[in-house]
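Enquirer: Below is input-v5.cif; it holds mmCIF, C-alpha atoms.
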data_start
loop_
_atom_site.label_atom_id
_atom_site.label_comp_id
_atom_site.auth_asym_id
_atom_site.auth_seq_id
_atom_site.Cartn_x
_atom_site.Cartn_y
_atom_site.Cartn_z
CA MET L 1 -81.42 27.75 -22.29
CA ILE L 2 -82.83 26.62 -18.92
CA LEU L 3 -85.21 29.60 -18.90
CA LEU L 4 -86.40 28.66 -22.39
CA ILE L 5 -87.10 25.08 -21.31
CA LYS L 6 -89.04 26.26 -18.26
CA ASN L 7 -91.14 28.59 -20.40
CA ARG L 8 -91.93 25.84 -22.88
CA LYS L 9 -92.98 23.53 -20.06
CA SER L 10 -95.16 26.23 -18.47
CA ILE L 11 -96.90 26.78 -21.80
CA ALA L 12 -97.44 23.02 -22.12
CA ILE L 13 -99.00 22.88 -18.62
CA LEU L 14 -101.38 25.74 -19.38
CA LEU L 15 -102.37 24.09 -22.65
CA MET L 16 -103.05 20.79 -20.84
CA LEU L 17 -105.34 22.56 -18.34
CA LEU L 18 -107.13 24.35 -21.18
CA SER L 19 -107.51 21.04 -22.99
CA ALA L 20 -108.99 19.39 -19.89
CA ALA L 21 -111.53 22.20 -19.50
CA CYS L 22 -112.49 22.02 -23.19
CA PHE L 23 -112.93 18.24 -23.16
CA THR L 24 -115.10 18.51 -20.05
CA GLY L 25 -117.26 20.99 -21.94
CA MET L 26 -117.38 18.59 -24.90
CA ASN L 27 -118.44 15.62 -22.76
CA SER L 28 -121.05 17.71 -20.98
CA CYS L 29 -122.54 18.79 -24.32
CA VAL L 30 -122.52 15.18 -25.55
CA ARG L 31 -124.53 14.14 -22.50
CA LEU L 32 -126.84 17.16 -22.75
CA SER L 33 -127.60 16.41 -26.41
CA GLY L 34 -129.81 13.53 -25.31
CA ASP L 35 -130.48 10.02 -26.60
CA LEU L 36 -128.69 10.11 -29.96
CA PRO L 37 -126.41 7.45 -31.50
CA SER L 38 -122.72 7.79 -30.59
CA VAL L 39 -121.71 7.84 -34.27
CA GLN L 40 -124.07 10.77 -34.89
CA LYS L 41 -122.58 12.70 -31.97
CA SER L 42 -119.07 11.81 -33.12
CA PHE L 43 -119.75 13.05 -36.65
CA PHE L 44 -120.82 16.53 -35.54
CA ARG L 45 -117.99 16.70 -33.01
CA ASN L 46 -115.39 16.01 -35.68
CA PHE L 47 -117.17 18.01 -38.39
CA MET L 48 -116.70 21.20 -36.40
CA ALA L 49 -113.11 20.31 -35.55
CA ALA L 50 -112.38 19.66 -39.25
CA ILE L 51 -113.79 23.05 -40.25
CA PHE L 52 -111.81 24.77 -37.50
CA ALA L 53 -108.60 23.04 -38.57
CA ALA L 54 -109.24 23.72 -42.27
CA VAL L 55 -109.63 27.45 -41.59
CA MET L 56 -106.33 27.47 -39.68
CA LEU L 57 -104.57 25.58 -42.48
CA GLY L 58 -106.00 28.00 -45.03
CA ARG L 59 -104.67 30.97 -43.10
CA MET L 60 -101.24 29.36 -42.82
CA ILE L 61 -101.11 28.63 -46.55
CA ALA L 62 -102.21 32.18 -47.40
CA LYS L 63 -99.60 33.66 -45.06
CA GLU L 64 -96.65 31.49 -46.06
CA LYS L 65 -97.61 31.18 -49.75
CA THR L 66 -96.57 27.52 -49.70
CA PRO L 67 -98.64 24.32 -49.61
CA ILE L 68 -98.77 22.30 -46.42
CA LYS L 69 -98.23 18.58 -46.85
CA ILE L 70 -97.66 15.54 -44.66
CA GLN L 71 -94.01 15.24 -43.67
CA LYS L 72 -91.92 12.41 -45.02
CA GLY L 73 -92.26 9.30 -42.86
CA CYS L 74 -95.50 10.50 -41.21
CA GLY L 75 -98.08 9.10 -43.65
CA ILE L 76 -98.73 5.80 -41.89
CA ALA L 77 -98.55 7.47 -38.48
CA MET L 78 -101.14 10.03 -39.61
CA LEU L 79 -103.51 7.26 -40.73
CA LEU L 80 -103.06 5.26 -37.55
CA ARG L 81 -103.53 8.37 -35.41
CA ALA L 82 -106.84 8.96 -37.22
CA VAL L 83 -107.97 5.35 -36.74
CA PHE L 84 -107.07 5.18 -33.04
CA GLY L 85 -108.47 8.67 -32.46
CA THR L 86 -111.79 7.73 -34.06
CA VAL L 87 -112.06 4.57 -31.95
CA GLY L 88 -111.21 6.61 -28.86
CA VAL L 89 -113.89 9.21 -29.56
CA LEU L 90 -116.61 6.64 -30.27
CA CYS L 91 -115.80 4.66 -27.13
CA ASN L 92 -115.61 7.80 -25.00
CA PHE L 93 -118.93 9.15 -26.25
CA TYR L 94 -120.64 5.83 -25.57
CA ALA L 95 -119.19 5.77 -22.04
CA VAL L 96 -120.21 9.40 -21.43
CA ASP L 97 -123.81 8.53 -22.34
CA LYS L 98 -123.94 5.47 -20.08
CA LEU L 99 -121.72 6.31 -17.08
CA ASP L 100 -121.27 9.15 -14.62
CA LEU L 101 -119.32 11.94 -16.30
CA ALA L 102 -116.39 11.61 -13.88
CA ASP L 103 -116.18 7.81 -14.36
CA ALA L 104 -116.15 8.14 -18.16
CA SER L 105 -113.55 10.90 -17.99
CA MET L 106 -111.24 8.92 -15.70
CA LEU L 107 -111.37 5.83 -17.90
CA ASN L 108 -110.47 8.04 -20.85
CA LYS L 109 -107.65 9.57 -18.80
CA LEU L 110 -105.92 6.20 -18.60
CA SER L 111 -104.48 7.31 -21.96
CA PRO L 112 -101.21 8.71 -20.50
CA PHE L 113 -100.42 5.32 -18.95
CA PHE L 114 -101.14 3.58 -22.22
CA ALA L 115 -99.00 6.26 -23.91
CA VAL L 116 -96.07 5.06 -21.79
CA VAL L 117 -96.60 1.53 -23.07
CA PHE L 118 -97.02 2.55 -26.71
CA SER L 119 -94.07 4.95 -26.52
CA ALA L 120 -91.81 2.01 -25.73
CA PHE L 121 -92.78 0.37 -29.05
CA ILE L 122 -93.42 3.35 -31.32
CA LEU L 123 -90.92 5.92 -30.08
CA LYS L 124 -88.41 3.38 -28.72
CA GLU L 125 -88.39 5.24 -25.41
CA LYS L 126 -86.97 3.27 -22.50
CA THR L 127 -89.54 2.18 -19.92
CA SER L 128 -88.27 1.88 -16.36
CA PRO L 129 -89.50 -0.69 -13.82
CA MET L 130 -91.14 2.19 -11.93
CA GLN L 131 -93.14 3.15 -15.03
CA VAL L 132 -94.24 -0.45 -15.48
CA ALA L 133 -95.34 -0.53 -11.84
CA ALA L 134 -97.26 2.72 -12.38
CA VAL L 135 -99.12 1.29 -15.37
CA ILE L 136 -100.07 -1.85 -13.43
CA THR L 137 -101.23 0.19 -10.42
CA ALA L 138 -103.27 2.50 -12.66
CA PHE L 139 -104.92 -0.56 -14.17
CA ALA L 140 -105.77 -1.76 -10.65
CA GLY L 141 -107.32 1.66 -9.97
CA SER L 142 -109.38 1.38 -13.13
CA LEU L 143 -110.88 -1.87 -11.84
CA CYS L 144 -112.43 0.12 -8.96
CA ILE L 145 -114.25 2.19 -11.56
CA ILE L 146 -115.10 -0.69 -13.91
CA ARG L 147 -116.14 -3.02 -11.05
CA PRO L 148 -116.01 -6.18 -13.19
CA THR L 149 -118.90 -8.24 -11.82
CA PHE L 150 -121.80 -9.76 -13.74
CA SER L 151 -124.23 -7.85 -11.51
CA ASN L 152 -122.73 -4.51 -12.56
CA MET L 153 -125.03 -3.09 -15.26
CA ALA L 154 -122.35 -0.54 -16.21
CA LEU L 155 -119.71 -3.20 -16.92
CA VAL L 156 -119.94 -3.07 -20.73
CA PRO L 157 -119.90 0.77 -20.94
CA SER L 158 -116.96 0.77 -18.50
CA LEU L 159 -114.99 -1.70 -20.61
CA ILE L 160 -115.77 0.36 -23.72
CA GLY L 161 -114.58 3.48 -21.89
CA PHE L 162 -111.40 1.62 -20.90
CA THR L 163 -110.85 0.69 -24.57
CA GLY L 164 -111.31 4.35 -25.49
CA GLY L 165 -108.56 5.32 -23.07
CA MET L 166 -106.26 2.74 -24.63
CA ALA L 167 -106.98 4.00 -28.14
CA ALA L 168 -106.43 7.61 -27.05
CA GLY L 169 -103.05 6.64 -25.56
CA ALA L 170 -101.99 5.17 -28.91
CA ALA L 171 -103.28 8.26 -30.75
CA TYR L 172 -101.38 10.73 -28.57
CA THR L 173 -98.20 8.68 -28.87
CA LEU L 174 -98.49 8.96 -32.63
CA VAL L 175 -99.04 12.72 -32.29
CA ARG L 176 -95.75 12.92 -30.39
CA TYR L 177 -94.06 10.80 -33.07
CA MET L 178 -95.22 13.18 -35.82
CA LYS L 179 -94.40 16.35 -33.89
CA GLN L 180 -90.85 15.08 -33.43
CA ARG L 181 -90.64 15.02 -37.23
CA GLY L 182 -91.95 18.55 -37.62
CA GLU L 183 -95.54 17.76 -38.56
CA ASN L 184 -98.04 20.63 -38.56
CA SER L 185 -100.49 20.53 -35.60
CA ALA L 186 -103.43 21.87 -37.62
CA LEU L 187 -102.82 19.24 -40.30
CA ILE L 188 -102.82 16.49 -37.66
CA VAL L 189 -106.15 17.69 -36.27
CA PHE L 190 -107.66 18.14 -39.74
CA CYS L 191 -106.64 14.68 -40.99
CA PHE L 192 -108.00 13.00 -37.87
CA SER L 193 -111.26 14.96 -37.91
CA ALA L 194 -111.83 14.50 -41.66
CA PHE L 195 -111.12 10.76 -41.45
CA SER L 196 -113.49 10.38 -38.50
CA CYS L 197 -116.25 12.26 -40.35
CA LEU L 198 -115.86 10.08 -43.44
CA PHE L 199 -115.78 6.90 -41.35
CA THR L 200 -118.88 7.71 -39.29
CA LEU L 201 -120.92 9.30 -42.11
CA PRO L 202 -122.34 6.02 -43.58
CA PHE L 203 -123.28 4.73 -40.12
CA MET L 204 -124.87 8.06 -39.20
CA ILE L 205 -126.95 8.11 -42.42
CA ALA L 206 -128.07 4.50 -41.89
CA GLY L 207 -129.24 5.10 -38.32
CA PHE L 208 -129.92 8.83 -38.35
CA VAL L 209 -132.13 10.11 -35.54
CA PRO L 210 -133.88 13.47 -36.18
CA MET L 211 -132.63 16.26 -33.91
CA SER L 212 -134.20 19.40 -32.54
CA ALA L 213 -132.55 22.77 -33.14
CA LYS L 214 -131.40 22.71 -29.51
CA GLN L 215 -129.75 19.30 -29.88
CA LEU L 216 -128.00 20.39 -33.07
CA GLY L 217 -126.74 23.55 -31.39
CA ILE L 218 -125.42 21.57 -28.40
CA LEU L 219 -123.60 19.13 -30.69
CA LEU L 220 -122.05 21.97 -32.67
CA LEU L 221 -120.93 23.50 -29.38
CA ALA L 222 -119.45 20.11 -28.44
CA GLY L 223 -117.52 20.26 -31.70
CA LEU L 224 -116.13 23.70 -30.85
CA PHE L 225 -115.05 22.48 -27.41
CA ALA L 226 -113.48 19.42 -29.05
CA ALA L 227 -111.54 21.56 -31.52
CA GLY L 228 -110.22 23.73 -28.70
CA GLY L 229 -109.26 20.70 -26.63
CA GLN L 230 -107.63 18.94 -29.59
CA PHE L 231 -105.49 21.93 -30.55
CA ALA L 232 -104.56 22.56 -26.92
CA ILE L 233 -103.43 18.99 -26.20
CA THR L 234 -101.63 18.70 -29.54
CA GLY L 235 -99.83 21.94 -28.74
CA ALA L 236 -98.98 20.76 -25.22
CA TYR L 237 -97.31 17.59 -26.47
CA SER L 238 -95.33 19.64 -28.97
CA PHE L 239 -93.94 21.91 -26.24
CA ALA L 240 -92.98 19.13 -23.80
CA PRO L 241 -92.78 15.31 -23.63
CA ALA L 242 -95.91 13.51 -22.46
CA LYS L 243 -94.07 12.13 -19.43
CA GLU L 244 -93.52 15.68 -18.13
CA VAL L 245 -96.97 17.22 -18.55
CA SER L 246 -99.54 14.43 -18.93
CA VAL L 247 -100.28 14.46 -15.18
CA TYR L 248 -102.02 17.82 -15.59
CA ASP L 249 -104.54 16.22 -17.91
CA TYR L 250 -106.11 14.64 -14.81
CA SER L 251 -107.59 18.01 -13.91
CA GLN L 252 -110.38 16.96 -16.30
CA VAL L 253 -111.64 14.52 -13.67
CA ILE L 254 -112.09 17.41 -11.24
CA PHE L 255 -113.81 19.51 -13.90
CA SER L 256 -116.00 16.53 -14.83
CA ALA L 257 -116.99 15.75 -11.24
CA VAL L 258 -118.09 19.36 -10.75
CA ALA L 259 -119.94 19.46 -14.10
CA GLY L 260 -121.54 16.06 -13.45
CA TYR L 261 -122.84 17.19 -10.06
CA PHE L 262 -124.24 20.57 -11.11
CA LEU L 263 -125.53 19.59 -14.56
CA PHE L 264 -126.74 16.03 -13.97
CA GLY L 265 -126.83 15.55 -10.20
CA GLN L 266 -124.26 12.75 -10.44
CA VAL L 267 -122.34 11.62 -7.36
CA PRO L 268 -119.79 8.83 -8.04
CA VAL L 269 -119.86 5.80 -5.73
CA LEU L 270 -117.15 5.21 -3.12
CA LEU L 271 -115.26 2.64 -5.21
CA SER L 272 -115.05 5.13 -8.06
CA TRP L 273 -113.54 7.74 -5.74
CA ILE L 274 -111.00 5.14 -4.59
CA GLY L 275 -110.17 4.44 -8.23
CA TYR L 276 -109.77 8.16 -8.95
CA GLY L 277 -107.46 8.49 -5.96
CA ILE L 278 -105.28 5.54 -6.98
CA ILE L 279 -104.90 6.66 -10.60
CA ILE L 280 -104.26 10.33 -9.79
CA ALA L 281 -101.82 9.40 -7.00
CA VAL L 282 -99.89 7.15 -9.37
CA ALA L 283 -99.88 9.91 -12.01
CA ILE L 284 -98.46 12.42 -9.51
CA TRP L 285 -95.94 9.89 -8.20
CA THR L 286 -94.77 9.15 -11.74
CA PHE L 287 -94.50 12.85 -12.50
CA LEU L 288 -92.40 13.53 -9.39
CA LEU L 289 -90.23 10.48 -10.08
CA ILE L 290 -89.49 11.59 -13.63
CA ASN L 291 -88.86 15.25 -12.83
CA ASN L 292 -86.63 14.86 -9.77
#
Would you write the structure of this file as structure tokens?
Expert:
Amino acid sequence: MILLIKNRKSIAILLMLLSAACFTGMNSCVRLSGDLPSVQKSFFRNFMAAIFAAVMLGRMIAKEKTPIKIQKGCGIAMLLRAVFGTVGVLCNFYAVDKLDLADASMLNKLSPFFAVVFSAFILKEKTSPMQVAAVITAFAGSLCIIRPTFSNMALVPSLIGFTGGMAAGAAYTLVRYMKQRGENSALIVFCFSAFSCLFTLPFMIAGFVPMSAKQLGILLLAGLFAAGGQFAITGAYSFAPAKEVSVYDYSQVIFSAVAGYFLFGQVPVLLSWIGYGIIIAVAIWTFLLINN
């Protein structure tokens, strides 16, 4: 039994690392696609993910010869996961366009701390004083990245990125809620992606900006990276609780810093590095506290 648990946790860790690498690829493609509206980028990102998920669902249905439907008690959670996920993607894409890649990624990676908060209300999981302290400290670290002064031109994008991290935390908590009730991972990804496409479609049509073949290809590639990252992180949270593996999601900041430097020549300012250090240190401390 112990060996089984260790294997499941190892799989979850590998999936989290794969997810971090995929999401770094997605963010890099979003930035490389150029000056396009965030809703347009979001549409193509989720369009590819929806197709990918639909193919997987089709294969499952053909193999098992039975329809796949939303589990009892998961309908509202599925809708809310789609809403929060869509908000998270839109906010993250806006931040990626306006901030250094590592800054935008770190603000999005506040999601595990928000997941702790939302888990207390949605999953009724007990929150210890240490976890509360960790959330507060992580918020303090985020202020080093946001740098809330009126002279900071990146203040609004930073706050939007922060909101995206909050929305992502709520979305992943709802994923955990549904997986505990036996919901299908591919169905979760498909419902979120399809909802996001339908939501952004009118806005994209209204403000559509013509794209070159290169831009379209990059956005489609972003969608493939997003699908891989989405399936990987959904799978990770199904193999182990968020509190045990979420710390490994912070590897995305390392991937993003490397990608930002080599692709865009970005070097985060000192305060940002301090913020990264605080948030990652708190994440590691929380992980060690929980697993000892």
Enquirer: Would you be able to write out as a ChimeraX atom specification which residues have an atom within 8 Å of (-119.3, 8.9, -13.2) in the file's coordinates, counting only C-alpha atoms?
Expert: /L:99-105,257,260,266-268,272
Enquirer: Any chance you could export the current selection's C-alpha atoms as a CSV table (one decimal), in the coordinates of the input?
Expert:
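The file below, selection_37.csv, is the result:
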chain,number,residue,atom,x,y,z
L,99,LEU,CA,-121.7,6.3,-17.1
L,100,ASP,CA,-121.3,9.2,-14.6
L,101,LEU,CA,-119.3,11.9,-16.3
L,102,ALA,CA,-116.4,11.6,-13.9
L,103,ASP,CA,-116.2,7.8,-14.4
L,104,ALA,CA,-116.2,8.1,-18.2
L,105,SER,CA,-113.6,10.9,-18.0
L,257,ALA,CA,-117.0,15.8,-11.2
L,260,GLY,CA,-121.5,16.1,-13.4
L,266,GLN,CA,-124.3,12.8,-10.4
L,267,VAL,CA,-122.3,11.6,-7.4
L,268,PRO,CA,-119.8,8.8,-8.0
L,272,SER,CA,-115.0,5.1,-8.1
Enquirer: Under the rule that only C-alpha atoms are counted, which of L:Ala95, L:Ala53, L:Met166, L:Val87 is the nearest residue to Ala154 (chain L)?
Expert: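 That would be L:Ala95, the residue with the smallest distance to Ala154 (chain L).
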Enquirer: Write out as CSV the residues of region 3-118 of chain L that have any atom within 6 Å of an atom of region 186-204 of chain L, one row each with the nearest atom pair and its distance in Å to one decimal, counting only C-alpha atoms, sorted by chain and then rising number.
Expert:
residue,atom,partner,partner_atom,distance
L:Val39,CA,L:Thr200,CA,5.8
L:Gln40,CA,L:Met204,CA,5.2
L:Phe43,CA,L:Cys197,CA,5.2
L:Asn46,CA,L:Ser193,CA,4.8
L:Ala50,CA,L:Phe190,CA,5.0
L:Ala53,CA,L:Phe190,CA,5.1
L:Ala82,CA,L:Phe192,CA,4.3
L:Thr86,CA,L:Ser196,CA,5.4
Enquirer: Starting from the displayed file, determine the output of the PyMOL selection byres ((chain L and resi 157) around 10) and express the residue list as a VMD selection string.
Expert: chain L and resid 91 to 99 104 146 153 to 156 158 to 163
Enquirer: For Leu110 (chain L), find every residue with an atom within 10 Å (counting only C-alpha atoms), except residues of its own chain fewer than 2 positions away, and show them as a ChimeraX atom specification.
Expert: /L:105-108,112-115,135,138-139,141-142,161-169,250,279-280,283
Enquirer: For the selection you just gave me, I'd like the residues written to a file as a PDB file, in the frame of the given file, keeping C-alpha atoms.
Expert:
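Final file, part06.pdb:
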ATOM      1  CA  SER L 105    -113.550  10.900 -17.990  1.00  0.00           C
ATOM      2  CA  MET L 106    -111.240   8.920 -15.700  1.00  0.00           C
ATOM      3  CA  LEU L 107    -111.370   5.830 -17.900  1.00  0.00           C
ATOM      4  CA  ASN L 108    -110.470   8.040 -20.850  1.00  0.00           C
ATOM      5  CA  PRO L 112    -101.210   8.710 -20.500  1.00  0.00           C
ATOM      6  CA  PHE L 113    -100.420   5.320 -18.950  1.00  0.00           C
ATOM      7  CA  PHE L 114    -101.140   3.580 -22.220  1.00  0.00           C
ATOM      8  CA  ALA L 115     -99.000   6.260 -23.910  1.00  0.00           C
ATOM      9  CA  VAL L 135     -99.120   1.290 -15.370  1.00  0.00           C
ATOM     10  CA  ALA L 138    -103.270   2.500 -12.660  1.00  0.00           C
ATOM     11  CA  PHE L 139    -104.920  -0.560 -14.170  1.00  0.00           C
ATOM     12  CA  GLY L 141    -107.320   1.660  -9.970  1.00  0.00           C
ATOM     13  CA  SER L 142    -109.380   1.380 -13.130  1.00  0.00           C
ATOM     14  CA  GLY L 161    -114.580   3.480 -21.890  1.00  0.00           C
ATOM     15  CA  PHE L 162    -111.400   1.620 -20.900  1.00  0.00           C
ATOM     16  CA  THR L 163    -110.850   0.690 -24.570  1.00  0.00           C
ATOM     17  CA  GLY L 164    -111.310   4.350 -25.490  1.00  0.00           C
ATOM     18  CA  GLY L 165    -108.560   5.320 -23.070  1.00  0.00           C
ATOM     19  CA  MET L 166    -106.260   2.740 -24.630  1.00  0.00           C
ATOM     20  CA  ALA L 167    -106.980   4.000 -28.140  1.00  0.00           C
ATOM     21  CA  ALA L 168    -106.430   7.610 -27.050  1.00  0.00           C
ATOM     22  CA  GLY L 169    -103.050   6.640 -25.560  1.00  0.00           C
ATOM     23  CA  TYR L 250    -106.110  14.640 -14.810  1.00  0.00           C
ATOM     24  CA  ILE L 279    -104.900   6.660 -10.600  1.00  0.00           C
ATOM     25  CA  ILE L 280    -104.260  10.330  -9.790  1.00  0.00           C
ATOM     26  CA  ALA L 283     -99.880   9.910 -12.010  1.00  0.00           C
TER      27      ALA L 283
END
Enquirer: Hey, which of L:Asp249, L:Phe47, L:Ile13, L:Phe23 ends up closest to Leu220 (chain L)? Count all atoms listed in the file.
Expert: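 Checking each candidate against Leu220 (chain L), we get L:Phe47 as the closest.
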Enquirer: For a test of reading the model, state the distance in Å between CA of Ser33 (chain L) and CA of Phe208 (chain L), rounded to one decimal.
Expert: 14.3 Å
Enquirer: Mind giving me the straight-line distance from CA of Gly223 (chain L) to CA of Ser119 (chain L) in Å, one decimal?
Expert: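 Taking CA of Gly223 (chain L) and CA of Ser119 (chain L), their separation equals 28.5 Å.
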Enquirer: Quick one, how far is CA of Ile274 (chain L) from CA of Val117 (chain L)?
Expert: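 So the answer is 23.7 Å.
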Enquirer: List the spatial neighbours of region 234-248 of chain L as number ranges by chain - criterion: any atom at most 9 Å away, all atoms listed in the file, same-chain residues fewer than 6 positions off excluded.
Expert: L: 5, 8-17, 19-20, 112, 115-116, 172-173, 175-176, 179-180, 185-186, 188-189, 280, 283-284, 286-287, 290-291
Enquirer: Can you work out which one of L:Ala21, L:Ser28, L:Gly228, L:Ala134 has the shortest atom-to-atom distance to Phe264 (chain L), counting all atoms listed in the file?
Expert: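 The answer is L:Ser28, which sits nearest to Phe264 (chain L).
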Enquirer: Point out the residue among L:Ala171, L:Met130, L:Val209, L:Ala227 with the least atom-to-atom distance to Leu288 (chain L), counting only C-alpha atoms.
Expert: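 Of L:Ala171, L:Met130, L:Val209, L:Ala227, the one nearest Leu288 (chain L) is L:Met130, counting only C-alpha atoms.
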